[in-house]
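Enquirer: Have a look at this one before I ask anything.
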Amino acid sequence: MAESSDLRSTRMPLNNGSGRIPALGFGTLIPDKALTITATRDALEAGFRHFDCAERYRNEREVGEALKAGLAAGTIAREDIFVTTKLWNSNHRPERVEPAFEASLDRLGLNYLDLYLIHTPFAFQPGDEQDPRDQNGNVIYDNGVTLLDTWRAFETLVDHGRCRAIGLSDISLDEVLPIYEAARIKPAVIQVESHPYLPETELLEFCKRKGIVFLAFAPLGHGMRPGLLEDPVISSIAARVGKTPAQVLLAWAVQRGTALLTTPKDAARARENFDISALPEDALNEINRIQTRQRLNEVVKTGVPGFIPQSR
Ligand SMILES: NC(=O)c1ccc[n+]([C@@H]2O[C@H](COP(=O)([O-])OP(=O)(O)OC[C@H]3O[C@@H](n4cnc5c(N)ncnc54)[C@H](OP(=O)(O)O)[C@@H]3O)[C@@H](O)[C@H]2O)c1
């Protein structure tokens, strides 16, 4: 449980000593390019200092543009922000890792990354096609590379000072364990879907034991309605503590010891999602007792993104 009632500046140490990650992260899975720029700018202005990107989102250039404008204003330095991006499935072959990393960095307009993640443990046919399919529409996987091969290439990026920390995403505990055991540089962060309907308690406990940051995506259940934002337990706590359902869900995530990613798309939502403070113990316990179980994103089973929000 966080000690201060103000959770906005919570930062979590990384297990490799490279620094701390702000618990409140802004996710950039936004299909519309113009909206990517304004939403990223609004998030920065609201106080978000942690930005989660991916080559798969095809908008690293726009995120980079917004960050560059924010840094150029002079009040925020590069060292004040924490930027992550992810290697996509079609670049798992070790010889493809560094070029993919450099291309992401170039699009983002940065000269180092705080965190680089393997987006999913599934290797697809290597190449520039992000969604390779056979004539029957089935994904073409790549059996010629293991996750450990890709991890070794990630370790080399850290050795060369190109990124400060590396980690995994969309992965189960069973798949994490052999990588953790074999790794020379241990994963610093594991990013998975998590919210009160998918608490992932076993993985969270493992991460806590090993000093790995558990980074929850979809903390608002992708904003789907009906869903978490309308859950009666969440709504009644929100009314009781004078916060919105979104603020309750985000506070719960931080107080249980996870970092999180949320994707507000305008300035008012960005301010709302950043303005979170600690819930009382009884509220946390009530949320922990919710019995509904629901996984919204099947990417963890196939490597294929299951949920892509529509642009508006
Ligand atoms: N590793 C992976 O495979 C993976 C997969 C999915 C996502 N992610 C990362 O996680 C990030 C966050 O995921 P997410 O988009 O599912 O986050 P989320 O915050 O759970 O859901 C975002 C949705 O919630 C709505 N919303 C945001 N703030 C709200 C508020 N205060 N009140 C009511 N509704 C609100 C938004 O609606 P509006 O559209 O109306 O603003 C949006 O549709 C992504 O951007 C991405 O960086 C990673």
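So you can find residues: chains in the structure tokens are A, B, ... in the order shown, residues in each start at 1, and ligands are numbered from 1 in order.
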Counting only C-alpha atoms and all ligand atoms, what are the residues of chain A within 6 Å of ligand 1, and for each of them which pair of atoms is the nearest and at what distance in Å, to one decimal? Sort the table by chain and rising number, as a tab-separated table.
Expert:
```
residue	atom	partner	partner_atom_place_in_ligand_line	distance
A:Gly27	CA	ligand 1	47 (O)	3.2
A:Thr28	CA	ligand 1	45 (O)	4.2
A:Leu29	CA	ligand 1	45 (O)	3.7
A:Asp52	CA	ligand 1	47 (O)	4.9
A:Cys53	CA	ligand 1	47 (O)	5.7
A:His119	CA	ligand 1	1 (N)	5.9
A:Ser169	CA	ligand 1	1 (N)	5.3
A:Asp170	CA	ligand 1	1 (N)	5.5
A:Gln191	CA	ligand 1	1 (N)	5.9
A:Val192	CA	ligand 1	1 (N)	6.0
A:Phe217	CA	ligand 1	10 (O)	4.2
A:Ala218	CA	ligand 1	20 (O)	3.2
A:Pro219	CA	ligand 1	20 (O)	4.3
A:Leu220	CA	ligand 1	20 (O)	3.4
A:Gly221	CA	ligand 1	20 (O)	4.5
A:His222	CA	ligand 1	21 (O)	3.3
A:Gly223	CA	ligand 1	24 (O)	3.3
A:Ala246	CA	ligand 1	31 (N)	4.9
A:Leu261	CA	ligand 1	12 (C)	4.6
A:Thr262	CA	ligand 1	19 (O)	3.5
A:Thr263	CA	ligand 1	19 (O)	4.6
A:Pro264	CA	ligand 1	27 (C)	4.2
A:Lys265	CA	ligand 1	41 (O)	4.5
A:Arg269	CA	ligand 1	31 (N)	5.0
A:Glu272	CA	ligand 1	31 (N)	5.8
A:Asn273	CA	ligand 1	31 (N)	5.4
```
Enquirer: Could you give me, as a PDB file with C-alpha atoms, in the first residue's frame, each residue of region 170-279 of chain A that DSSP assigns to helix (DSSP H, G or I) when run on this structure's backbone?
Expert:
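Dumped everything to states_28.pdb:
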```
ATOM      1  CA  LEU A 173       4.147 -16.730 -15.813  1.00  0.00           C
ATOM      2  CA  ASP A 174       5.009 -20.143 -17.356  1.00  0.00           C
ATOM      3  CA  GLU A 175       6.673 -18.397 -20.275  1.00  0.00           C
ATOM      4  CA  VAL A 176       8.432 -15.813 -18.105  1.00  0.00           C
ATOM      5  CA  LEU A 177      10.149 -18.353 -15.837  1.00  0.00           C
ATOM      6  CA  PRO A 178      12.605 -19.918 -18.353  1.00  0.00           C
ATOM      7  CA  ILE A 179      13.594 -16.475 -19.645  1.00  0.00           C
ATOM      8  CA  TYR A 180      14.065 -15.196 -16.117  1.00  0.00           C
ATOM      9  CA  GLU A 181      16.264 -18.196 -15.239  1.00  0.00           C
ATOM     10  CA  ALA A 182      18.420 -17.983 -18.381  1.00  0.00           C
ATOM     11  CA  THR A 201      -2.220 -12.292  -8.745  1.00  0.00           C
ATOM     12  CA  GLU A 202       0.288 -15.111  -9.288  1.00  0.00           C
ATOM     13  CA  LEU A 203       2.279 -13.137 -11.839  1.00  0.00           C
ATOM     14  CA  LEU A 204       2.120 -10.037  -9.642  1.00  0.00           C
ATOM     15  CA  GLU A 205       3.472 -11.975  -6.641  1.00  0.00           C
ATOM     16  CA  PHE A 206       6.315 -13.364  -8.779  1.00  0.00           C
ATOM     17  CA  CYS A 207       7.165  -9.869 -10.001  1.00  0.00           C
ATOM     18  CA  LYS A 208       7.199  -8.502  -6.456  1.00  0.00           C
ATOM     19  CA  ARG A 209       9.508 -11.299  -5.273  1.00  0.00           C
ATOM     20  CA  LYS A 210      11.955 -10.610  -8.108  1.00  0.00           C
ATOM     21  CA  GLY A 221     -11.083  -2.413 -19.012  1.00  0.00           C
ATOM     22  CA  HIS A 222     -10.421  -0.598 -22.310  1.00  0.00           C
ATOM     23  CA  GLY A 223     -13.219   1.799 -21.317  1.00  0.00           C
ATOM     24  CA  LEU A 228     -15.469  -1.987 -15.147  1.00  0.00           C
ATOM     25  CA  LEU A 229     -16.338   1.713 -15.332  1.00  0.00           C
ATOM     26  CA  GLU A 230     -19.957   0.779 -14.557  1.00  0.00           C
ATOM     27  CA  PRO A 232     -21.528  -1.432  -9.027  1.00  0.00           C
ATOM     28  CA  VAL A 233     -18.690  -1.909  -6.523  1.00  0.00           C
ATOM     29  CA  ILE A 234     -16.479   0.615  -8.346  1.00  0.00           C
ATOM     30  CA  SER A 235     -19.350   3.098  -8.796  1.00  0.00           C
ATOM     31  CA  SER A 236     -20.364   2.964  -5.143  1.00  0.00           C
ATOM     32  CA  ILE A 237     -16.772   3.483  -3.940  1.00  0.00           C
ATOM     33  CA  ALA A 238     -16.407   6.394  -6.382  1.00  0.00           C
ATOM     34  CA  ALA A 239     -19.531   8.057  -4.974  1.00  0.00           C
ATOM     35  CA  ARG A 240     -18.346   7.432  -1.405  1.00  0.00           C
ATOM     36  CA  VAL A 241     -14.836   8.894  -1.835  1.00  0.00           C
ATOM     37  CA  PRO A 245     -14.853   5.355 -11.377  1.00  0.00           C
ATOM     38  CA  ALA A 246     -11.756   5.777 -13.561  1.00  0.00           C
ATOM     39  CA  GLN A 247      -9.848   7.396 -10.680  1.00  0.00           C
ATOM     40  CA  VAL A 248     -10.884   4.569  -8.343  1.00  0.00           C
ATOM     41  CA  LEU A 249      -9.639   1.898 -10.782  1.00  0.00           C
ATOM     42  CA  LEU A 250      -6.327   3.665 -11.352  1.00  0.00           C
ATOM     43  CA  ALA A 251      -5.743   4.236  -7.624  1.00  0.00           C
ATOM     44  CA  TRP A 252      -6.458   0.560  -6.905  1.00  0.00           C
ATOM     45  CA  ALA A 253      -3.853  -0.443  -9.500  1.00  0.00           C
ATOM     46  CA  VAL A 254      -1.140   1.762  -7.992  1.00  0.00           C
ATOM     47  CA  GLN A 255      -1.980   0.822  -4.404  1.00  0.00           C
ATOM     48  CA  ALA A 267      -7.084  17.298 -21.780  1.00  0.00           C
ATOM     49  CA  ALA A 268      -9.958  16.909 -19.302  1.00  0.00           C
ATOM     50  CA  ARG A 269      -9.617  13.107 -19.236  1.00  0.00           C
ATOM     51  CA  ALA A 270      -5.840  13.403 -18.933  1.00  0.00           C
ATOM     52  CA  ARG A 271      -6.196  15.638 -15.872  1.00  0.00           C
ATOM     53  CA  GLU A 272      -8.838  13.308 -14.407  1.00  0.00           C
ATOM     54  CA  ASN A 273      -6.715  10.177 -14.903  1.00  0.00           C
ATOM     55  CA  PHE A 274      -3.618  11.825 -13.466  1.00  0.00           C
TER      56      PHE A 274
END
```
Enquirer: Between A:Phe122, A:Glu281, A:Ile166, A:Pro196, which one has atoms that come closest to Lys86 (chain A), using only C-alpha atoms?
Expert: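 Using only C-alpha atoms, the shortest distance to Lys86 (chain A) belongs to A:Ile166.
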Enquirer: Using only C-alpha atoms, which residues sit within 6 Å of region 148-156 of chain A once same-chain residues fewer than 3 positions away are excluded, as an mmCIF file with C-alpha atoms, in the first residue's frame?
Expert:
```cif
data_model
loop_
_atom_site.group_PDB
_atom_site.id
_atom_site.type_symbol
_atom_site.label_atom_id
_atom_site.label_comp_id
_atom_site.auth_asym_id
_atom_site.auth_seq_id
_atom_site.Cartn_x
_atom_site.Cartn_y
_atom_site.Cartn_z
ATOM 1 C CA HIS A 92 12.146 -11.483 -33.389
ATOM 2 C CA PRO A 94 18.233 -11.528 -33.508
ATOM 3 C CA ASP A 159 25.330 -3.612 -23.170
#
```
Enquirer: Just want the 10 Å neighbourhood of region 31-47 of chain A, counted on only C-alpha atoms, with same-chain residues fewer than 6 positions away dropped. Output as a compact mmCIF listing (two decimals) with all heavy atoms, in the first residue's frame.
Expert:
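Below you can see out_5.txt, which holds the result:
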```
# COMPACT_ATOMS: atom_id res chain seq x y z
N ARG A 8 0.10 10.59 -7.46
CA ARG A 8 0.49 11.07 -8.79
C ARG A 8 1.98 10.94 -9.07
O ARG A 8 2.38 10.72 -10.20
CB ARG A 8 0.07 12.53 -8.96
CG ARG A 8 -1.43 12.71 -9.00
CD ARG A 8 -1.80 14.15 -9.05
NE ARG A 8 -1.34 14.86 -7.85
CZ ARG A 8 -1.55 16.13 -7.61
NH1 ARG A 8 -2.20 16.86 -8.50
NH2 ARG A 8 -1.13 16.68 -6.50
N SER A 9 2.78 11.10 -8.03
CA SER A 9 4.22 11.08 -8.30
C SER A 9 4.86 9.75 -7.92
O SER A 9 6.09 9.67 -7.79
CB SER A 9 4.89 12.23 -7.55
OG SER A 9 4.53 12.14 -6.18
N LEU A 24 2.25 5.97 -13.04
CA LEU A 24 1.17 6.39 -13.94
C LEU A 24 1.72 6.57 -15.35
O LEU A 24 2.46 7.52 -15.63
CB LEU A 24 0.61 7.72 -13.47
CG LEU A 24 -0.47 7.67 -12.41
CD1 LEU A 24 -0.82 9.07 -11.95
CD2 LEU A 24 -1.71 6.99 -12.97
N GLY A 25 1.34 5.66 -16.24
CA GLY A 25 1.84 5.73 -17.61
C GLY A 25 0.75 6.08 -18.60
O GLY A 25 -0.42 5.71 -18.42
N TYR A 57 2.00 0.20 -33.19
CA TYR A 57 0.96 1.24 -33.17
C TYR A 57 1.08 2.21 -34.35
O TYR A 57 0.20 3.02 -34.57
CB TYR A 57 0.99 2.02 -31.84
CG TYR A 57 0.85 1.18 -30.60
CD1 TYR A 57 1.23 1.68 -29.35
CD2 TYR A 57 0.36 -0.12 -30.65
CE1 TYR A 57 1.11 0.91 -28.20
CE2 TYR A 57 0.26 -0.90 -29.50
CZ TYR A 57 0.64 -0.38 -28.29
OH TYR A 57 0.54 -1.14 -27.15
N ARG A 58 2.20 2.12 -35.05
CA ARG A 58 2.43 2.91 -36.28
C ARG A 58 2.28 4.42 -36.05
O ARG A 58 1.85 5.15 -36.94
CB ARG A 58 1.47 2.46 -37.39
CG ARG A 58 1.69 1.02 -37.85
CD ARG A 58 0.71 0.66 -38.95
NE ARG A 58 0.87 -0.69 -39.44
CZ ARG A 58 1.74 -1.08 -40.35
NH1 ARG A 58 2.59 -0.20 -40.87
NH2 ARG A 58 1.78 -2.34 -40.74
N ASN A 59 2.57 4.88 -34.86
CA ASN A 59 2.45 6.33 -34.60
C ASN A 59 3.61 6.85 -33.75
O ASN A 59 3.48 7.88 -33.08
CB ASN A 59 1.11 6.64 -33.92
CG ASN A 59 0.97 5.96 -32.56
OD1 ASN A 59 1.85 5.20 -32.14
ND2 ASN A 59 -0.12 6.22 -31.86
N GLU A 60 4.75 6.12 -33.77
CA GLU A 60 5.89 6.59 -32.97
C GLU A 60 6.34 7.98 -33.40
O GLU A 60 6.77 8.79 -32.58
CB GLU A 60 7.06 5.60 -33.10
CG GLU A 60 6.81 4.27 -32.39
CD GLU A 60 7.87 3.24 -32.69
OE1 GLU A 60 8.14 3.00 -33.89
OE2 GLU A 60 8.44 2.65 -31.77
N ARG A 61 6.23 8.25 -34.70
CA ARG A 61 6.66 9.57 -35.21
C ARG A 61 5.81 10.69 -34.56
O ARG A 61 6.34 11.72 -34.14
CB ARG A 61 6.51 9.60 -36.74
CG ARG A 61 7.53 10.44 -37.42
CD ARG A 61 7.47 10.28 -38.93
NE ARG A 61 8.08 9.06 -39.44
CZ ARG A 61 9.38 8.82 -39.48
NH1 ARG A 61 10.23 9.72 -39.03
NH2 ARG A 61 9.86 7.69 -39.96
N GLU A 62 4.51 10.44 -34.46
CA GLU A 62 3.61 11.47 -33.90
C GLU A 62 3.84 11.62 -32.39
O GLU A 62 3.83 12.73 -31.86
CB GLU A 62 2.15 11.12 -34.19
CG GLU A 62 1.74 11.30 -35.64
CD GLU A 62 2.32 10.27 -36.59
OE1 GLU A 62 2.64 9.14 -36.13
OE2 GLU A 62 2.48 10.56 -37.79
N VAL A 63 4.05 10.51 -31.70
CA VAL A 63 4.36 10.60 -30.26
C VAL A 63 5.65 11.39 -30.08
O VAL A 63 5.73 12.31 -29.25
CB VAL A 63 4.51 9.18 -29.62
CG1 VAL A 63 4.93 9.30 -28.16
CG2 VAL A 63 3.23 8.38 -29.76
N GLY A 64 6.64 11.07 -30.90
CA GLY A 64 7.93 11.76 -30.82
C GLY A 64 7.78 13.25 -31.06
O GLY A 64 8.40 14.07 -30.38
N GLU A 65 6.93 13.58 -32.03
CA GLU A 65 6.71 15.00 -32.34
C GLU A 65 6.13 15.74 -31.12
O GLU A 65 6.57 16.84 -30.77
CB GLU A 65 5.72 15.07 -33.51
CG GLU A 65 5.67 16.38 -34.23
CD GLU A 65 4.66 16.33 -35.38
OE1 GLU A 65 4.77 15.43 -36.23
OE2 GLU A 65 3.76 17.17 -35.39
N ALA A 66 5.15 15.13 -30.48
CA ALA A 66 4.52 15.77 -29.31
C ALA A 66 5.51 15.86 -28.15
O ALA A 66 5.57 16.89 -27.45
CB ALA A 66 3.29 14.97 -28.89
N LEU A 67 6.31 14.82 -27.96
CA LEU A 67 7.29 14.86 -26.86
C LEU A 67 8.34 15.94 -27.14
O LEU A 67 8.71 16.70 -26.24
CB LEU A 67 7.97 13.49 -26.68
CG LEU A 67 7.06 12.36 -26.18
CD1 LEU A 67 7.85 11.04 -26.08
CD2 LEU A 67 6.44 12.69 -24.82
N LYS A 68 8.77 16.00 -28.39
CA LYS A 68 9.79 16.99 -28.75
C LYS A 68 9.27 18.40 -28.47
O LYS A 68 9.99 19.24 -27.89
CB LYS A 68 10.14 16.84 -30.24
CG LYS A 68 11.35 17.59 -30.67
CD LYS A 68 11.69 17.23 -32.11
CE LYS A 68 12.66 18.23 -32.67
NZ LYS A 68 12.74 18.17 -34.12
N ALA A 69 8.02 18.66 -28.84
CA ALA A 69 7.44 19.99 -28.59
C ALA A 69 7.38 20.26 -27.09
O ALA A 69 7.68 21.36 -26.63
CB ALA A 69 6.05 20.08 -29.21
N GLY A 70 7.01 19.25 -26.31
CA GLY A 70 6.93 19.41 -24.86
C GLY A 70 8.30 19.70 -24.25
O GLY A 70 8.44 20.58 -23.39
N LEU A 71 9.32 18.98 -24.74
CA LEU A 71 10.67 19.18 -24.20
C LEU A 71 11.23 20.54 -24.64
O LEU A 71 11.93 21.21 -23.88
CB LEU A 71 11.61 18.05 -24.64
CG LEU A 71 11.25 16.62 -24.20
CD1 LEU A 71 12.35 15.64 -24.57
CD2 LEU A 71 10.99 16.54 -22.70
N ILE A 76 10.56 20.78 -19.11
CA ILE A 76 10.71 19.34 -18.89
C ILE A 76 11.96 18.88 -19.65
O ILE A 76 12.14 19.21 -20.83
CB ILE A 76 9.48 18.56 -19.41
CG1 ILE A 76 8.21 19.08 -18.74
CG2 ILE A 76 9.64 17.06 -19.17
CD1 ILE A 76 6.94 18.61 -19.42
N ILE A 81 11.41 12.36 -18.39
CA ILE A 81 10.37 11.48 -18.94
C ILE A 81 10.92 10.07 -19.15
O ILE A 81 12.13 9.88 -19.31
CB ILE A 81 9.75 12.03 -20.25
CG1 ILE A 81 10.80 12.19 -21.35
CG2 ILE A 81 9.01 13.34 -19.99
CD1 ILE A 81 10.19 12.52 -22.71
N THR A 263 -5.15 5.54 -21.40
CA THR A 263 -5.12 6.30 -22.64
C THR A 263 -6.25 7.32 -22.71
O THR A 263 -7.20 7.14 -23.46
CB THR A 263 -5.17 5.32 -23.85
OG1 THR A 263 -4.14 4.35 -23.67
CG2 THR A 263 -4.94 6.04 -25.17
N PRO A 264 -6.15 8.37 -21.89
CA PRO A 264 -7.11 9.47 -22.04
C PRO A 264 -6.84 10.18 -23.36
O PRO A 264 -5.68 10.30 -23.75
CB PRO A 264 -6.79 10.38 -20.85
CG PRO A 264 -5.35 10.10 -20.53
CD PRO A 264 -5.11 8.66 -20.88
N LYS A 265 -7.88 10.64 -24.04
CA LYS A 265 -7.65 11.21 -25.38
C LYS A 265 -7.86 12.72 -25.43
O LYS A 265 -7.71 13.33 -26.47
CB LYS A 265 -8.55 10.52 -26.40
CG LYS A 265 -8.45 9.00 -26.31
CD LYS A 265 -8.18 8.35 -27.61
CE LYS A 265 -8.10 6.84 -27.47
NZ LYS A 265 -9.28 6.24 -26.84
N ASP A 266 -8.26 13.30 -24.32
CA ASP A 266 -8.34 14.77 -24.33
C ASP A 266 -7.83 15.32 -23.00
O ASP A 266 -7.55 14.56 -22.05
CB ASP A 266 -9.76 15.26 -24.66
CG ASP A 266 -10.78 14.81 -23.63
OD1 ASP A 266 -10.45 14.77 -22.43
OD2 ASP A 266 -11.93 14.50 -24.01
N ALA A 267 -7.74 16.66 -22.93
CA ALA A 267 -7.08 17.30 -21.78
C ALA A 267 -7.84 17.05 -20.48
O ALA A 267 -7.22 16.78 -19.44
CB ALA A 267 -6.95 18.79 -22.04
N ALA A 268 -9.18 17.09 -20.54
CA ALA A 268 -9.96 16.91 -19.30
C ALA A 268 -9.77 15.49 -18.76
O ALA A 268 -9.56 15.29 -17.56
CB ALA A 268 -11.43 17.20 -19.57
N ARG A 269 -9.82 14.50 -19.66
CA ARG A 269 -9.62 13.11 -19.24
C ARG A 269 -8.19 12.89 -18.73
O ARG A 269 -7.96 12.15 -17.78
CB ARG A 269 -9.87 12.16 -20.42
CG ARG A 269 -11.34 11.93 -20.73
CD ARG A 269 -11.79 10.62 -20.09
NE ARG A 269 -13.22 10.40 -20.24
CZ ARG A 269 -13.78 9.73 -21.24
NH1 ARG A 269 -13.01 9.23 -22.20
NH2 ARG A 269 -15.07 9.56 -21.27
N ALA A 270 -7.24 13.56 -19.36
CA ALA A 270 -5.84 13.40 -18.93
C ALA A 270 -5.68 13.93 -17.51
O ALA A 270 -5.05 13.29 -16.66
CB ALA A 270 -4.90 14.13 -19.89
N ARG A 271 -6.29 15.08 -17.23
CA ARG A 271 -6.20 15.64 -15.87
C ARG A 271 -6.91 14.72 -14.87
O ARG A 271 -6.41 14.47 -13.78
CB ARG A 271 -6.80 17.05 -15.83
CG ARG A 271 -5.90 18.10 -16.49
CD ARG A 271 -6.37 19.51 -16.16
NE ARG A 271 -7.67 19.81 -16.72
CZ ARG A 271 -7.87 20.31 -17.94
NH1 ARG A 271 -6.85 20.60 -18.72
NH2 ARG A 271 -9.10 20.54 -18.39
N GLU A 272 -8.08 14.22 -15.29
CA GLU A 272 -8.84 13.31 -14.41
C GLU A 272 -8.00 12.06 -14.09
O GLU A 272 -7.87 11.66 -12.93
CB GLU A 272 -10.15 12.90 -15.10
CG GLU A 272 -10.95 11.87 -14.33
CD GLU A 272 -12.19 11.39 -15.09
OE1 GLU A 272 -12.66 12.10 -16.01
OE2 GLU A 272 -12.67 10.30 -14.76
N ASN A 273 -7.42 11.45 -15.12
CA ASN A 273 -6.72 10.18 -14.90
C ASN A 273 -5.39 10.36 -14.17
O ASN A 273 -4.85 9.40 -13.62
CB ASN A 273 -6.50 9.46 -16.25
CG ASN A 273 -7.80 8.97 -16.85
OD1 ASN A 273 -8.88 9.30 -16.36
ND2 ASN A 273 -7.71 8.20 -17.91
N PHE A 274 -4.87 11.60 -14.19
CA PHE A 274 -3.62 11.83 -13.47
C PHE A 274 -3.87 12.18 -12.00
O PHE A 274 -3.03 11.94 -11.14
CB PHE A 274 -2.81 12.94 -14.15
CG PHE A 274 -1.40 13.03 -13.65
CD1 PHE A 274 -0.48 12.03 -13.96
CD2 PHE A 274 -1.00 14.07 -12.83
CE1 PHE A 274 0.82 12.07 -13.47
CE2 PHE A 274 0.30 14.12 -12.34
CZ PHE A 274 1.21 13.13 -12.66
N ASP A 275 -5.05 12.70 -11.74
CA ASP A 275 -5.36 13.22 -10.40
C ASP A 275 -5.89 12.11 -9.49
O ASP A 275 -7.06 12.07 -9.16
CB ASP A 275 -6.39 14.35 -10.54
CG ASP A 275 -6.78 14.93 -9.19
OD1 ASP A 275 -5.97 14.81 -8.24
OD2 ASP A 275 -7.89 15.50 -9.08
N ILE A 308 -8.26 -3.38 -30.95
CA ILE A 308 -7.69 -2.14 -31.47
C ILE A 308 -8.80 -1.10 -31.38
O ILE A 308 -9.84 -1.25 -32.01
CB ILE A 308 -7.25 -2.29 -32.95
CG1 ILE A 308 -6.16 -3.37 -33.08
CG2 ILE A 308 -6.79 -0.97 -33.51
CD1 ILE A 308 -4.76 -2.93 -32.73
N PRO A 309 -8.61 -0.08 -30.56
CA PRO A 309 -9.67 0.91 -30.44
C PRO A 309 -9.92 1.61 -31.77
O PRO A 309 -9.01 1.76 -32.58
CB PRO A 309 -9.13 1.89 -29.39
CG PRO A 309 -7.67 1.65 -29.33
CD PRO A 309 -7.41 0.26 -29.81
N GLN A 310 -11.14 2.00 -32.01
CA GLN A 310 -11.48 2.71 -33.25
C GLN A 310 -11.05 4.17 -33.12
O GLN A 310 -11.14 4.75 -32.05
CB GLN A 310 -13.00 2.67 -33.47
CG GLN A 310 -13.55 1.27 -33.62
CD GLN A 310 -12.88 0.52 -34.77
OE1 GLN A 310 -12.86 0.99 -35.89
NE2 GLN A 310 -12.29 -0.64 -34.46
N SER A 311 -10.56 4.73 -34.23
CA SER A 311 -10.24 6.16 -34.18
C SER A 311 -11.55 6.94 -34.21
O SER A 311 -12.56 6.43 -34.67
CB SER A 311 -9.35 6.54 -35.36
OG SER A 311 -9.94 6.15 -36.56
N ARG A 312 -11.51 8.14 -33.70
CA ARG A 312 -12.75 8.93 -33.72
C ARG A 312 -12.46 10.31 -34.28
O ARG A 312 -11.31 10.68 -34.43
CB ARG A 312 -13.35 9.03 -32.32
CG ARG A 312 -12.45 9.77 -31.33
CD ARG A 312 -13.12 10.04 -30.02
NE ARG A 312 -12.34 11.08 -29.35
CZ ARG A 312 -12.31 11.26 -28.04
NH1 ARG A 312 -12.99 10.50 -27.24
NH2 ARG A 312 -11.60 12.24 -27.50
```
Enquirer: I'd like the interatomic distance between CA of Ser18 (chain A) and CA of Trp88 (chain A), to a tenth of an Å.
Expert: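 Taking CA of Ser18 (chain A) as the start and CA of Trp88 (chain A) as the end point, the length is 24.0 Å.
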Enquirer: Extract the full set of strand (DSSP E) residues from region 78-170 of chain A according to DSSP on the backbone, and format it as a list in words.
Expert: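 Answer for region 78-170 of chain A restricted to strand (DSSP E) is Phe82, Val83, Thr84, Thr85, Lys86, Leu87, Leu115, Tyr116, Leu117, Ile118, Ile166, Gly167, Leu168 and Ser169 of chain A.
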Enquirer: Go ahead and dump the residues you just picked, N, CA, C and O atoms, as a tab-separated table (two decimals), in the first residue's frame.
Expert:
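Contents of the output file out-v8.tsv:
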```
chain	number	residue	atom	x	y	z
A	82	PHE	N	10.01	9.12	-19.12
A	82	PHE	CA	10.37	7.70	-19.24
A	82	PHE	C	9.65	7.19	-20.48
A	82	PHE	O	8.42	7.20	-20.55
A	83	VAL	N	10.44	6.77	-21.48
A	83	VAL	CA	9.82	6.36	-22.75
A	83	VAL	C	10.13	4.89	-23.04
A	83	VAL	O	11.28	4.45	-22.98
A	84	THR	N	9.06	4.18	-23.35
A	84	THR	CA	9.14	2.75	-23.68
A	84	THR	C	8.68	2.56	-25.12
A	84	THR	O	7.74	3.22	-25.55
A	85	THR	N	9.32	1.65	-25.85
A	85	THR	CA	8.65	1.15	-27.05
A	85	THR	C	8.86	-0.36	-27.14
A	85	THR	O	9.51	-0.97	-26.27
A	86	LYS	N	8.23	-0.98	-28.14
A	86	LYS	CA	8.19	-2.44	-28.18
A	86	LYS	C	8.57	-2.99	-29.55
A	86	LYS	O	8.18	-2.40	-30.58
A	87	LEU	N	9.27	-4.11	-29.52
A	87	LEU	CA	9.63	-4.84	-30.74
A	87	LEU	C	8.43	-5.67	-31.18
A	87	LEU	O	7.86	-6.43	-30.38
A	115	LEU	N	13.10	2.01	-21.80
A	115	LEU	CA	12.66	0.61	-21.70
A	115	LEU	C	12.28	0.10	-23.08
A	115	LEU	O	11.58	0.79	-23.83
A	116	TYR	N	12.76	-1.11	-23.40
A	116	TYR	CA	12.39	-1.76	-24.66
A	116	TYR	C	11.77	-3.10	-24.29
A	116	TYR	O	12.35	-3.87	-23.52
A	117	LEU	N	10.58	-3.36	-24.82
A	117	LEU	CA	9.86	-4.60	-24.50
A	117	LEU	C	9.73	-5.48	-25.73
A	117	LEU	O	9.55	-4.97	-26.84
A	118	ILE	N	9.75	-6.80	-25.52
A	118	ILE	CA	9.33	-7.72	-26.58
A	118	ILE	C	7.80	-7.73	-26.49
A	118	ILE	O	7.24	-8.14	-25.48
A	166	ILE	N	15.10	-3.59	-20.14
A	166	ILE	CA	14.38	-4.42	-21.11
A	166	ILE	C	13.35	-5.27	-20.38
A	166	ILE	O	13.46	-5.52	-19.17
A	167	GLY	N	12.33	-5.67	-21.11
A	167	GLY	CA	11.28	-6.45	-20.47
A	167	GLY	C	10.41	-7.18	-21.48
A	167	GLY	O	10.71	-7.22	-22.68
A	168	LEU	N	9.33	-7.75	-20.97
A	168	LEU	CA	8.45	-8.63	-21.73
A	168	LEU	C	7.02	-8.12	-21.65
A	168	LEU	O	6.68	-7.35	-20.74
A	169	SER	N	6.20	-8.59	-22.57
A	169	SER	CA	4.80	-8.15	-22.57
A	169	SER	C	3.91	-9.27	-23.09
A	169	SER	O	4.37	-10.14	-23.84
```
Enquirer: Calculated over only C-alpha atoms, which of the candidates A:Ile140, A:Ile287, A:Ala100, A:Leu296 has the smallest distance to Leu157 (chain A)?
Expert: A:Ala100
Enquirer: Choose the residue, out of A:Arg78, A:Glu55, A:Met12, A:Pro199, that has the smallest atom-to-atom separation from Gln130 (chain A); count only C-alpha atoms.
Expert: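 Of A:Arg78, A:Glu55, A:Met12, A:Pro199, the one nearest Gln130 (chain A), counting only C-alpha atoms, is A:Glu55.
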Enquirer: Have a look at CA of Ala72 (chain A) and CA of Cys163 (chain A) and let me know their distance in Å, one decimal.
Expert: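 Taking CA of Ala72 (chain A) as the start and CA of Cys163 (chain A) as the end point, the length is 22.2 Å.
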Enquirer: Which of these, A:Arg256, A:His195, A:Arg96, A:Lys243, has the shortest distance to Gln294 (chain A) once you count only C-alpha atoms?
Expert: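 Under the stated criterion, the closest residue is A:His195.
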Enquirer: Which residue, A:Glu193, A:Arg56, A:Thr302, A:Asp6, has the smallest gap to Glu129 (chain A) when you use only C-alpha atoms?
Expert: A:Arg56
